[in-house]
file start-v5.pdb (PDB, C-alpha atoms)
ATOM      1  CA  ASP A  15      11.827 -48.190  92.352  1.00  0.00           C
ATOM      2  CA  ALA A  16      10.473 -49.605  89.126  1.00  0.00           C
ATOM      3  CA  LYS A  17      12.213 -52.773  88.013  1.00  0.00           C
ATOM      4  CA  THR A  18      11.204 -52.171  84.387  1.00  0.00           C
ATOM      5  CA  THR A  19      11.483 -49.278  81.963  1.00  0.00           C
ATOM      6  CA  GLN A  20       8.996 -48.712  79.168  1.00  0.00           C
ATOM      7  CA  PRO A  21       8.357 -45.865  76.723  1.00  0.00           C
ATOM      8  CA  THR A  22       5.592 -43.580  77.856  1.00  0.00           C
ATOM      9  CA  SER A  23       3.540 -43.800  74.682  1.00  0.00           C
ATOM     10  CA  MET A  24       3.462 -45.318  71.204  1.00  0.00           C
ATOM     11  CA  ASP A  25       1.218 -45.144  68.155  1.00  0.00           C
ATOM     12  CA  CYS A  26       0.501 -47.977  65.766  1.00  0.00           C
ATOM     13  CA  ALA A  27      -1.557 -48.144  62.570  1.00  0.00           C
ATOM     14  CA  GLU A  28      -4.498 -50.492  62.617  1.00  0.00           C
ATOM     15  CA  GLY A  29      -3.635 -53.858  61.097  1.00  0.00           C
ATOM     16  CA  ARG A  30       0.085 -53.421  61.629  1.00  0.00           C
ATOM     17  CA  ALA A  31       2.184 -55.134  64.262  1.00  0.00           C
ATOM     18  CA  ALA A  32       2.637 -53.247  67.524  1.00  0.00           C
ATOM     19  CA  ASN A  33       6.030 -53.839  69.130  1.00  0.00           C
ATOM     20  CA  LEU A  34       6.235 -52.697  72.732  1.00  0.00           C
ATOM     21  CA  PRO A  35       9.696 -52.770  74.319  1.00  0.00           C
ATOM     22  CA  CYS A  36      10.604 -53.219  77.961  1.00  0.00           C
ATOM     23  CA  ASN A  37      13.948 -53.033  79.724  1.00  0.00           C
ATOM     24  CA  HIS A  38      14.492 -55.109  82.854  1.00  0.00           C
ATOM     25  CA  SER A  39      18.257 -55.086  83.301  1.00  0.00           C
ATOM     26  CA  THR A  40      18.132 -56.150  86.979  1.00  0.00           C
ATOM     27  CA  ILE A  41      15.976 -59.228  86.444  1.00  0.00           C
ATOM     28  CA  SER A  42      17.085 -62.216  88.484  1.00  0.00           C
ATOM     29  CA  GLY A  43      17.316 -65.783  87.279  1.00  0.00           C
ATOM     30  CA  ASN A  44      14.013 -66.988  88.723  1.00  0.00           C
ATOM     31  CA  GLU A  45      11.903 -63.971  87.792  1.00  0.00           C
ATOM     32  CA  TYR A  46       9.404 -64.091  84.974  1.00  0.00           C
ATOM     33  CA  VAL A  47       8.472 -61.268  82.621  1.00  0.00           C
ATOM     34  CA  TYR A  48       4.732 -60.588  82.663  1.00  0.00           C
ATOM     35  CA  TRP A  49       2.685 -58.324  80.449  1.00  0.00           C
ATOM     36  CA  TYR A  50      -0.698 -56.892  81.369  1.00  0.00           C
ATOM     37  CA  ARG A  51      -2.877 -54.309  79.704  1.00  0.00           C
ATOM     38  CA  GLN A  52      -5.448 -51.901  81.056  1.00  0.00           C
ATOM     39  CA  ILE A  53      -8.231 -50.506  78.900  1.00  0.00           C
ATOM     40  CA  HIS A  54      -9.556 -47.199  80.231  1.00  0.00           C
ATOM     41  CA  SER A  55     -10.006 -47.634  83.990  1.00  0.00           C
ATOM     42  CA  GLN A  56     -10.866 -51.324  83.931  1.00  0.00           C
ATOM     43  CA  GLY A  57      -8.903 -53.851  85.945  1.00  0.00           C
ATOM     44  CA  PRO A  58      -5.661 -54.871  84.209  1.00  0.00           C
ATOM     45  CA  GLN A  59      -5.789 -58.016  82.107  1.00  0.00           C
ATOM     46  CA  TYR A  60      -3.038 -60.618  81.840  1.00  0.00           C
ATOM     47  CA  ILE A  61      -1.615 -61.012  78.339  1.00  0.00           C
ATOM     48  CA  ILE A  62       1.420 -63.287  78.414  1.00  0.00           C
ATOM     49  CA  HIS A  63       4.493 -64.189  80.410  1.00  0.00           C
ATOM     50  CA  GLY A  64       7.859 -65.833  79.857  1.00  0.00           C
ATOM     51  CA  LEU A  65      11.042 -66.869  81.603  1.00  0.00           C
ATOM     52  CA  LYS A  66      13.713 -67.073  78.915  1.00  0.00           C
ATOM     53  CA  ASN A  67      12.135 -68.583  75.831  1.00  0.00           C
ATOM     54  CA  ASN A  68       9.942 -66.738  73.379  1.00  0.00           C
ATOM     55  CA  GLU A  69       6.264 -67.313  73.971  1.00  0.00           C
ATOM     56  CA  THR A  70       3.131 -66.991  71.862  1.00  0.00           C
ATOM     57  CA  ASN A  71      -0.537 -67.235  72.687  1.00  0.00           C
ATOM     58  CA  GLU A  72      -3.754 -66.171  71.048  1.00  0.00           C
ATOM     59  CA  MET A  73      -3.268 -62.559  72.111  1.00  0.00           C
ATOM     60  CA  ALA A  74       0.388 -61.801  71.571  1.00  0.00           C
ATOM     61  CA  SER A  75       3.985 -62.917  71.275  1.00  0.00           C
ATOM     62  CA  LEU A  76       6.749 -62.255  73.766  1.00  0.00           C
ATOM     63  CA  ILE A  77      10.361 -62.038  72.676  1.00  0.00           C
ATOM     64  CA  ILE A  78      12.954 -62.116  75.484  1.00  0.00           C
ATOM     65  CA  THR A  79      16.580 -61.355  74.704  1.00  0.00           C
ATOM     66  CA  GLU A  80      19.163 -64.013  75.427  1.00  0.00           C
ATOM     67  CA  ASP A  81      20.598 -62.045  78.356  1.00  0.00           C
ATOM     68  CA  ARG A  82      17.016 -61.520  79.627  1.00  0.00           C
ATOM     69  CA  LYS A  83      17.629 -57.819  80.154  1.00  0.00           C
ATOM     70  CA  SER A  84      14.905 -56.735  77.777  1.00  0.00           C
ATOM     71  CA  SER A  85      11.809 -58.021  76.051  1.00  0.00           C
ATOM     72  CA  THR A  86       9.291 -57.039  73.396  1.00  0.00           C
ATOM     73  CA  LEU A  87       5.572 -57.650  73.377  1.00  0.00           C
ATOM     74  CA  ILE A  88       4.230 -58.068  69.859  1.00  0.00           C
ATOM     75  CA  LEU A  89       0.582 -57.611  68.930  1.00  0.00           C
ATOM     76  CA  PRO A  90       0.697 -59.029  65.407  1.00  0.00           C
ATOM     77  CA  HIS A  91      -2.297 -57.246  63.881  1.00  0.00           C
ATOM     78  CA  ALA A  92      -3.289 -54.353  66.099  1.00  0.00           C
ATOM     79  CA  THR A  93      -6.937 -53.315  66.199  1.00  0.00           C
ATOM     80  CA  LEU A  94      -8.587 -50.239  67.662  1.00  0.00           C
ATOM     81  CA  ARG A  95      -9.594 -52.374  70.647  1.00  0.00           C
ATOM     82  CA  ASP A  96      -5.915 -52.855  71.479  1.00  0.00           C
ATOM     83  CA  THR A  97      -5.663 -49.195  72.463  1.00  0.00           C
ATOM     84  CA  ALA A  98      -4.676 -49.449  76.127  1.00  0.00           C
ATOM     85  CA  VAL A  99      -1.880 -49.006  78.655  1.00  0.00           C
ATOM     86  CA  TYR A 100       0.526 -51.950  78.581  1.00  0.00           C
ATOM     87  CA  TYR A 101       2.518 -52.883  81.672  1.00  0.00           C
ATOM     88  CA  CYS A 102       5.672 -54.968  81.756  1.00  0.00           C
ATOM     89  CA  ILE A 103       6.443 -56.518  85.153  1.00  0.00           C
ATOM     90  CA  VAL A 104       9.108 -58.849  86.468  1.00  0.00           C
ATOM     91  CA  TRP A 105       8.027 -61.162  89.254  1.00  0.00           C
ATOM     92  CA  GLY A 106       8.985 -64.489  90.715  1.00  0.00           C
ATOM     93  CA  THR A 107       7.951 -66.984  93.374  1.00  0.00           C
ATOM     94  CA  SER A 108      10.971 -66.268  95.497  1.00  0.00           C
ATOM     95  CA  GLY A 109      11.996 -63.006  97.068  1.00  0.00           C
ATOM     96  CA  THR A 110       9.508 -60.418  98.226  1.00  0.00           C
ATOM     97  CA  TYR A 111       6.439 -61.374  96.129  1.00  0.00           C
ATOM     98  CA  LYS A 112       5.812 -57.662  95.604  1.00  0.00           C
ATOM     99  CA  TYR A 113       4.389 -56.463  92.308  1.00  0.00           C
ATOM    100  CA  ILE A 114       5.799 -53.272  90.842  1.00  0.00           C
ATOM    101  CA  PHE A 115       3.785 -52.112  87.864  1.00  0.00           C
ATOM    102  CA  GLY A 116       5.441 -48.880  86.818  1.00  0.00           C
ATOM    103  CA  THR A 117       3.621 -46.433  84.567  1.00  0.00           C
ATOM    104  CA  GLY A 118       3.431 -48.583  81.437  1.00  0.00           C
ATOM    105  CA  THR A 119       3.216 -47.679  77.735  1.00  0.00           C
ATOM    106  CA  ARG A 120       0.103 -45.994  76.428  1.00  0.00           C
ATOM    107  CA  LEU A 121      -0.521 -47.586  73.016  1.00  0.00           C
ATOM    108  CA  LYS A 122      -2.827 -45.792  70.643  1.00  0.00           C
ATOM    109  CA  VAL A 123      -3.952 -47.742  67.583  1.00  0.00           C
ATOM    110  CA  LEU A 124      -4.816 -45.382  64.747  1.00  0.00           C
ATOM    111  CA  ALA A 125      -7.479 -46.060  62.120  1.00  0.00           C
TER     112      ALA A 125
ATOM    113  CA  GLU B  10     -17.545 -67.913  86.619  1.00  0.00           C
ATOM    114  CA  ALA B  11     -14.075 -67.252  88.015  1.00  0.00           C
ATOM    115  CA  GLN B  12     -13.966 -63.714  89.284  1.00  0.00           C
ATOM    116  CA  VAL B  13     -12.760 -61.150  91.775  1.00  0.00           C
ATOM    117  CA  THR B  14     -15.471 -58.927  93.189  1.00  0.00           C
ATOM    118  CA  GLN B  15     -15.110 -55.617  94.973  1.00  0.00           C
ATOM    119  CA  ASN B  16     -17.659 -53.618  96.879  1.00  0.00           C
ATOM    120  CA  PRO B  17     -18.595 -50.876  96.736  1.00  0.00           C
ATOM    121  CA  ARG B  18     -17.717 -49.822  93.196  1.00  0.00           C
ATOM    122  CA  TYR B  19     -18.079 -46.143  93.994  1.00  0.00           C
ATOM    123  CA  LEU B  20     -17.800 -44.438  97.370  1.00  0.00           C
ATOM    124  CA  ILE B  21     -17.821 -40.811  98.450  1.00  0.00           C
ATOM    125  CA  THR B  22     -16.988 -40.221 102.081  1.00  0.00           C
ATOM    126  CA  VAL B  23     -15.693 -37.557 104.426  1.00  0.00           C
ATOM    127  CA  THR B  24     -12.336 -37.193 106.104  1.00  0.00           C
ATOM    128  CA  GLY B  25     -11.935 -39.385 109.177  1.00  0.00           C
ATOM    129  CA  LYS B  26     -14.914 -41.677 108.669  1.00  0.00           C
ATOM    130  CA  LYS B  27     -13.703 -45.272 108.791  1.00  0.00           C
ATOM    131  CA  LEU B  28     -14.506 -47.382 105.759  1.00  0.00           C
ATOM    132  CA  THR B  29     -13.920 -50.882 104.434  1.00  0.00           C
ATOM    133  CA  VAL B  30     -13.695 -51.973 100.818  1.00  0.00           C
ATOM    134  CA  THR B  31     -14.362 -55.662 100.431  1.00  0.00           C
ATOM    135  CA  CYS B  32     -12.656 -58.024  98.012  1.00  0.00           C
ATOM    136  CA  SER B  33     -13.612 -61.612  97.375  1.00  0.00           C
ATOM    137  CA  GLN B  34     -12.370 -64.270  94.937  1.00  0.00           C
ATOM    138  CA  ASN B  35     -13.885 -67.645  94.059  1.00  0.00           C
ATOM    139  CA  MET B  36     -10.777 -69.312  92.591  1.00  0.00           C
ATOM    140  CA  ASN B  37      -9.193 -70.604  95.813  1.00  0.00           C
ATOM    141  CA  HIS B  38      -6.198 -68.373  95.179  1.00  0.00           C
ATOM    142  CA  GLU B  39      -3.483 -68.050  97.791  1.00  0.00           C
ATOM    143  CA  TYR B  40      -2.196 -64.625  96.737  1.00  0.00           C
ATOM    144  CA  MET B  41      -4.318 -61.509  97.075  1.00  0.00           C
ATOM    145  CA  SER B  42      -3.329 -57.906  96.699  1.00  0.00           C
ATOM    146  CA  TRP B  43      -4.578 -54.330  96.797  1.00  0.00           C
ATOM    147  CA  TYR B  44      -3.454 -51.549  94.460  1.00  0.00           C
ATOM    148  CA  ARG B  45      -4.227 -47.907  94.096  1.00  0.00           C
ATOM    149  CA  GLN B  46      -4.066 -46.047  90.821  1.00  0.00           C
ATOM    150  CA  ASP B  47      -3.623 -42.319  90.513  1.00  0.00           C
ATOM    151  CA  PRO B  48      -3.257 -40.282  87.312  1.00  0.00           C
ATOM    152  CA  GLY B  49       0.253 -40.544  85.904  1.00  0.00           C
ATOM    153  CA  LEU B  50       1.448 -42.970  88.587  1.00  0.00           C
ATOM    154  CA  GLY B  51       0.367 -46.362  87.281  1.00  0.00           C
ATOM    155  CA  LEU B  52      -0.667 -49.031  89.782  1.00  0.00           C
ATOM    156  CA  ARG B  53       1.023 -49.082  93.152  1.00  0.00           C
ATOM    157  CA  GLN B  54       0.739 -52.036  95.482  1.00  0.00           C
ATOM    158  CA  ILE B  55      -0.645 -51.256  98.933  1.00  0.00           C
ATOM    159  CA  TYR B  56      -0.646 -54.639 100.685  1.00  0.00           C
ATOM    160  CA  TYR B  57      -0.498 -58.243  99.641  1.00  0.00           C
ATOM    161  CA  SER B  58      -1.223 -61.572 101.251  1.00  0.00           C
ATOM    162  CA  MET B  59       0.311 -64.914 100.429  1.00  0.00           C
ATOM    163  CA  ASN B  60      -2.236 -66.925 102.383  1.00  0.00           C
ATOM    164  CA  VAL B  61      -4.563 -66.817 105.372  1.00  0.00           C
ATOM    165  CA  GLU B  62      -3.116 -64.744 108.219  1.00  0.00           C
ATOM    166  CA  VAL B  63      -0.051 -63.827 106.102  1.00  0.00           C
ATOM    167  CA  THR B  64       0.080 -60.216 104.935  1.00  0.00           C
ATOM    168  CA  ASP B  65       2.876 -57.877 103.954  1.00  0.00           C
ATOM    169  CA  LYS B  66       3.342 -54.273 102.944  1.00  0.00           C
ATOM    170  CA  GLY B  67       3.552 -53.159  99.366  1.00  0.00           C
ATOM    171  CA  ASP B  68       5.003 -49.848  98.268  1.00  0.00           C
ATOM    172  CA  VAL B  69       2.324 -47.516  99.688  1.00  0.00           C
ATOM    173  CA  PRO B  70       0.860 -49.068 102.881  1.00  0.00           C
ATOM    174  CA  GLU B  71       0.566 -45.890 104.972  1.00  0.00           C
ATOM    175  CA  GLY B  72      -2.992 -45.155 106.047  1.00  0.00           C
ATOM    176  CA  TYR B  73      -4.324 -48.613 105.155  1.00  0.00           C
ATOM    177  CA  LYS B  74      -4.934 -51.876 106.978  1.00  0.00           C
ATOM    178  CA  VAL B  75      -5.797 -55.313 105.675  1.00  0.00           C
ATOM    179  CA  SER B  76      -6.754 -58.664 107.095  1.00  0.00           C
ATOM    180  CA  ARG B  77      -6.873 -62.183 105.675  1.00  0.00           C
ATOM    181  CA  LYS B  78      -8.987 -64.315 107.971  1.00  0.00           C
ATOM    182  CA  GLU B  79     -10.454 -66.408 105.163  1.00  0.00           C
ATOM    183  CA  LYS B  80      -8.803 -67.476 101.947  1.00  0.00           C
ATOM    184  CA  ARG B  81     -11.436 -65.917  99.708  1.00  0.00           C
ATOM    185  CA  ASN B  82     -11.642 -62.468 101.340  1.00  0.00           C
ATOM    186  CA  PHE B  83      -9.147 -59.643 101.643  1.00  0.00           C
ATOM    187  CA  PRO B  84     -10.760 -56.416 102.884  1.00  0.00           C
ATOM    188  CA  LEU B  85      -9.024 -53.051 102.707  1.00  0.00           C
ATOM    189  CA  ILE B  86      -9.610 -50.842 105.723  1.00  0.00           C
ATOM    190  CA  LEU B  87      -9.121 -47.090 105.900  1.00  0.00           C
ATOM    191  CA  GLU B  88      -9.322 -46.225 109.606  1.00  0.00           C
ATOM    192  CA  SER B  89      -9.244 -42.448 109.090  1.00  0.00           C
ATOM    193  CA  PRO B  90      -9.473 -41.596 105.401  1.00  0.00           C
ATOM    194  CA  SER B  91      -7.903 -38.402 104.127  1.00  0.00           C
ATOM    195  CA  PRO B  92      -8.318 -36.581 100.801  1.00  0.00           C
ATOM    196  CA  ASN B  93      -4.963 -37.898  99.551  1.00  0.00           C
ATOM    197  CA  GLN B  94      -6.498 -41.393  99.601  1.00  0.00           C
ATOM    198  CA  THR B  95      -8.907 -40.372  96.864  1.00  0.00           C
ATOM    199  CA  SER B  96      -8.032 -42.879  94.179  1.00  0.00           C
ATOM    200  CA  LEU B  97      -9.076 -45.869  92.074  1.00  0.00           C
ATOM    201  CA  TYR B  98      -8.501 -49.096  93.976  1.00  0.00           C
ATOM    202  CA  PHE B  99      -8.064 -52.578  92.537  1.00  0.00           C
ATOM    203  CA  CYS B 100      -8.024 -55.934  94.242  1.00  0.00           C
ATOM    204  CA  ALA B 101      -6.318 -58.890  92.549  1.00  0.00           C
ATOM    205  CA  SER B 102      -5.683 -62.566  93.216  1.00  0.00           C
ATOM    206  CA  SER B 103      -3.530 -65.351  91.852  1.00  0.00           C
ATOM    207  CA  THR B 104      -2.548 -68.884  92.629  1.00  0.00           C
ATOM    208  CA  LEU B 105       0.879 -69.668  94.046  1.00  0.00           C
ATOM    209  CA  THR B 106       0.692 -73.423  93.542  1.00  0.00           C
ATOM    210  CA  ALA B 107       1.355 -73.631  89.809  1.00  0.00           C
ATOM    211  CA  GLY B 108       2.240 -71.293  86.963  1.00  0.00           C
ATOM    212  CA  PRO B 109       1.611 -69.015  85.197  1.00  0.00           C
ATOM    213  CA  TYR B 110       0.651 -67.166  88.436  1.00  0.00           C
ATOM    214  CA  GLU B 111      -1.159 -64.452  86.539  1.00  0.00           C
ATOM    215  CA  GLN B 112      -3.203 -62.007  88.566  1.00  0.00           C
ATOM    216  CA  TYR B 113      -6.949 -61.662  88.134  1.00  0.00           C
ATOM    217  CA  PHE B 114      -8.187 -58.165  88.845  1.00  0.00           C
ATOM    218  CA  GLY B 115     -11.465 -56.912  90.200  1.00  0.00           C
ATOM    219  CA  PRO B 116     -13.432 -54.137  88.493  1.00  0.00           C
ATOM    220  CA  GLY B 117     -12.123 -51.383  90.732  1.00  0.00           C
ATOM    221  CA  THR B 118     -13.498 -49.131  93.467  1.00  0.00           C
ATOM    222  CA  ARG B 119     -13.466 -45.396  92.908  1.00  0.00           C
ATOM    223  CA  LEU B 120     -13.079 -43.673  96.268  1.00  0.00           C
ATOM    224  CA  THR B 121     -13.480 -39.958  96.865  1.00  0.00           C
ATOM    225  CA  VAL B 122     -12.621 -38.501 100.274  1.00  0.00           C
ATOM    226  CA  THR B 123     -13.787 -34.915 100.844  1.00  0.00           C
TER     227      THR B 123
END
call {"tool": "encode", "arguments": {"input": "start-v5.pdb", "output": "structure tokens"}}
result
Amino acid sequence: DAKTTQPTSMDCAEGRAANLPCNHSTISGNEYVYWYRQIHSQGPQYIIHGLKNNETNEMASLIITEDRKSSTLILPHATLRDTAVYYCIVWGTSGTYKYIFGTGTRLKVLA
Amino acid sequence: EAQVTQNPRYLITVTGKKLTVTCSQNMNHEYMSWYRQDPGLGLRQIYYSMNVEVTDKGDVPEGYKVSRKEKRNFPLILESPSPNQTSLYFCASSTLTAGPYEQYFGPGTRLTVT
């Protein structure tokens, strides 16, 4: 069973912020939230991860709620090249070490 | 250049003919994993390995075998392929010694079993 829930698809206008939500209500205390994206049929690419604090890197920002049951990936100025499937995953270095990707959110950036 | 390589990239085979898809990483990663991707189903983990001689089943291990005799290599073996194993396969690796533990993915192998 998927440990995360994401909307199936979203559209975003080019140049605007894309906010992609993810629910992970069963996350445990030592599990991180990871985001990956997959463009066409290429191998997925790591974007960002976080434990409980908000995180920012050159690609995106990650906002994690205080109860850690949900998070939002923010692409601050979406471009056409950000059109991809975005996967939210919870994973930690204890437990089973399995990765469960789910079906992700298909983001389409519109010109 | 740090990378995960897979071979072959494309393969068409017939039912029952044993095949191996190779995966190799040059980053000294402990964790390696195989996924399959089918339309509408996202990526599903087949097997993973946390180090040499340590492997475990993912969510869809039936019909597949793996081995981890060397740290850099993690081949995927289909002893008797069937048409329902037609899919896009990805290998990935990551370190387990220090964060952020992100996975690096190979370019994918598109397998067709007729």
call {"tool": "resolve_selection", "arguments": {"input": "start-v5.pdb", "expression": "the ChimeraX specification (/A :<8) & /B", "output": "list of chain:residue names"}}
result
B:Gly49, B:Leu50, B:Gly51, B:Leu52, B:Arg53, B:Gln54, B:Tyr57, B:Gly67, B:Phe99, B:Leu105, B:Pro109, B:Glu111, B:Gln112, B:Tyr113, B:Phe114, B:Gly115, B:Pro116, B:Gly117
call {"tool": "residues_near_point", "arguments": {"input": "start-v5.pdb", "point": "(-10.1, -47.7, 69.2)", "cutoff": "9 Å", "atoms": "all atoms listed in the file", "output": "MDAnalysis selection string"}}
result
chainID A and resid 93:98 122:125
call {"tool": "residues_around", "arguments": {"input": "start-v5.pdb", "residues": "segment 78-80 of chain B", "least_positions_apart": "2", "cutoff": "8 Å", "atoms": "all atoms listed in the file", "output": "list in words"}}
result
Asn37, His38, Glu39, Asn60, Val61, Glu62, Ser76, Asn82 and Phe83 of chain B
call {"tool": "residues_around", "arguments": {"input": "start-v5.pdb", "residues": "Leu87 of chain A", "least_positions_apart": "4", "cutoff": "7 Å", "atoms": "all atoms listed in the file", "output": "PDB file with C-alpha atoms, keeping the file's coordinate frame"}}
result
ATOM      1  CA  ASN A  33       6.030 -53.839  69.130  1.00  0.00           C
ATOM      2  CA  LEU A  34       6.235 -52.697  72.732  1.00  0.00           C
ATOM      3  CA  PRO A  35       9.696 -52.770  74.319  1.00  0.00           C
ATOM      4  CA  ALA A  74       0.388 -61.801  71.571  1.00  0.00           C
ATOM      5  CA  SER A  75       3.985 -62.917  71.275  1.00  0.00           C
ATOM      6  CA  LEU A  76       6.749 -62.255  73.766  1.00  0.00           C
ATOM      7  CA  ILE A  77      10.361 -62.038  72.676  1.00  0.00           C
TER       8      ILE A  77
END
call {"tool": "atom_distance", "arguments": {"input": "start-v5.pdb", "atom1": "atom CA of Val104 of chain A", "atom2": "atom CA of Ile88 of chain A"}}
result
17.3 Å
call {"tool": "resolve_selection", "arguments": {"input": "start-v5.pdb", "expression": "the PyMOL selection byres ((chain A and resi 22) around 10)", "output": "PyMOL selection string"}}
result
chain A and resi 19-21+23-24+99-100+117-121
call {"tool": "residues_around", "arguments": {"input": "start-v5.pdb", "residues": "Tyr98 of chain B", "least_positions_apart": "4", "cutoff": "8 Å", "atoms": "all atoms listed in the file", "output": "PyMOL selection string"}}
result
chain B and resi 43-46+117-120
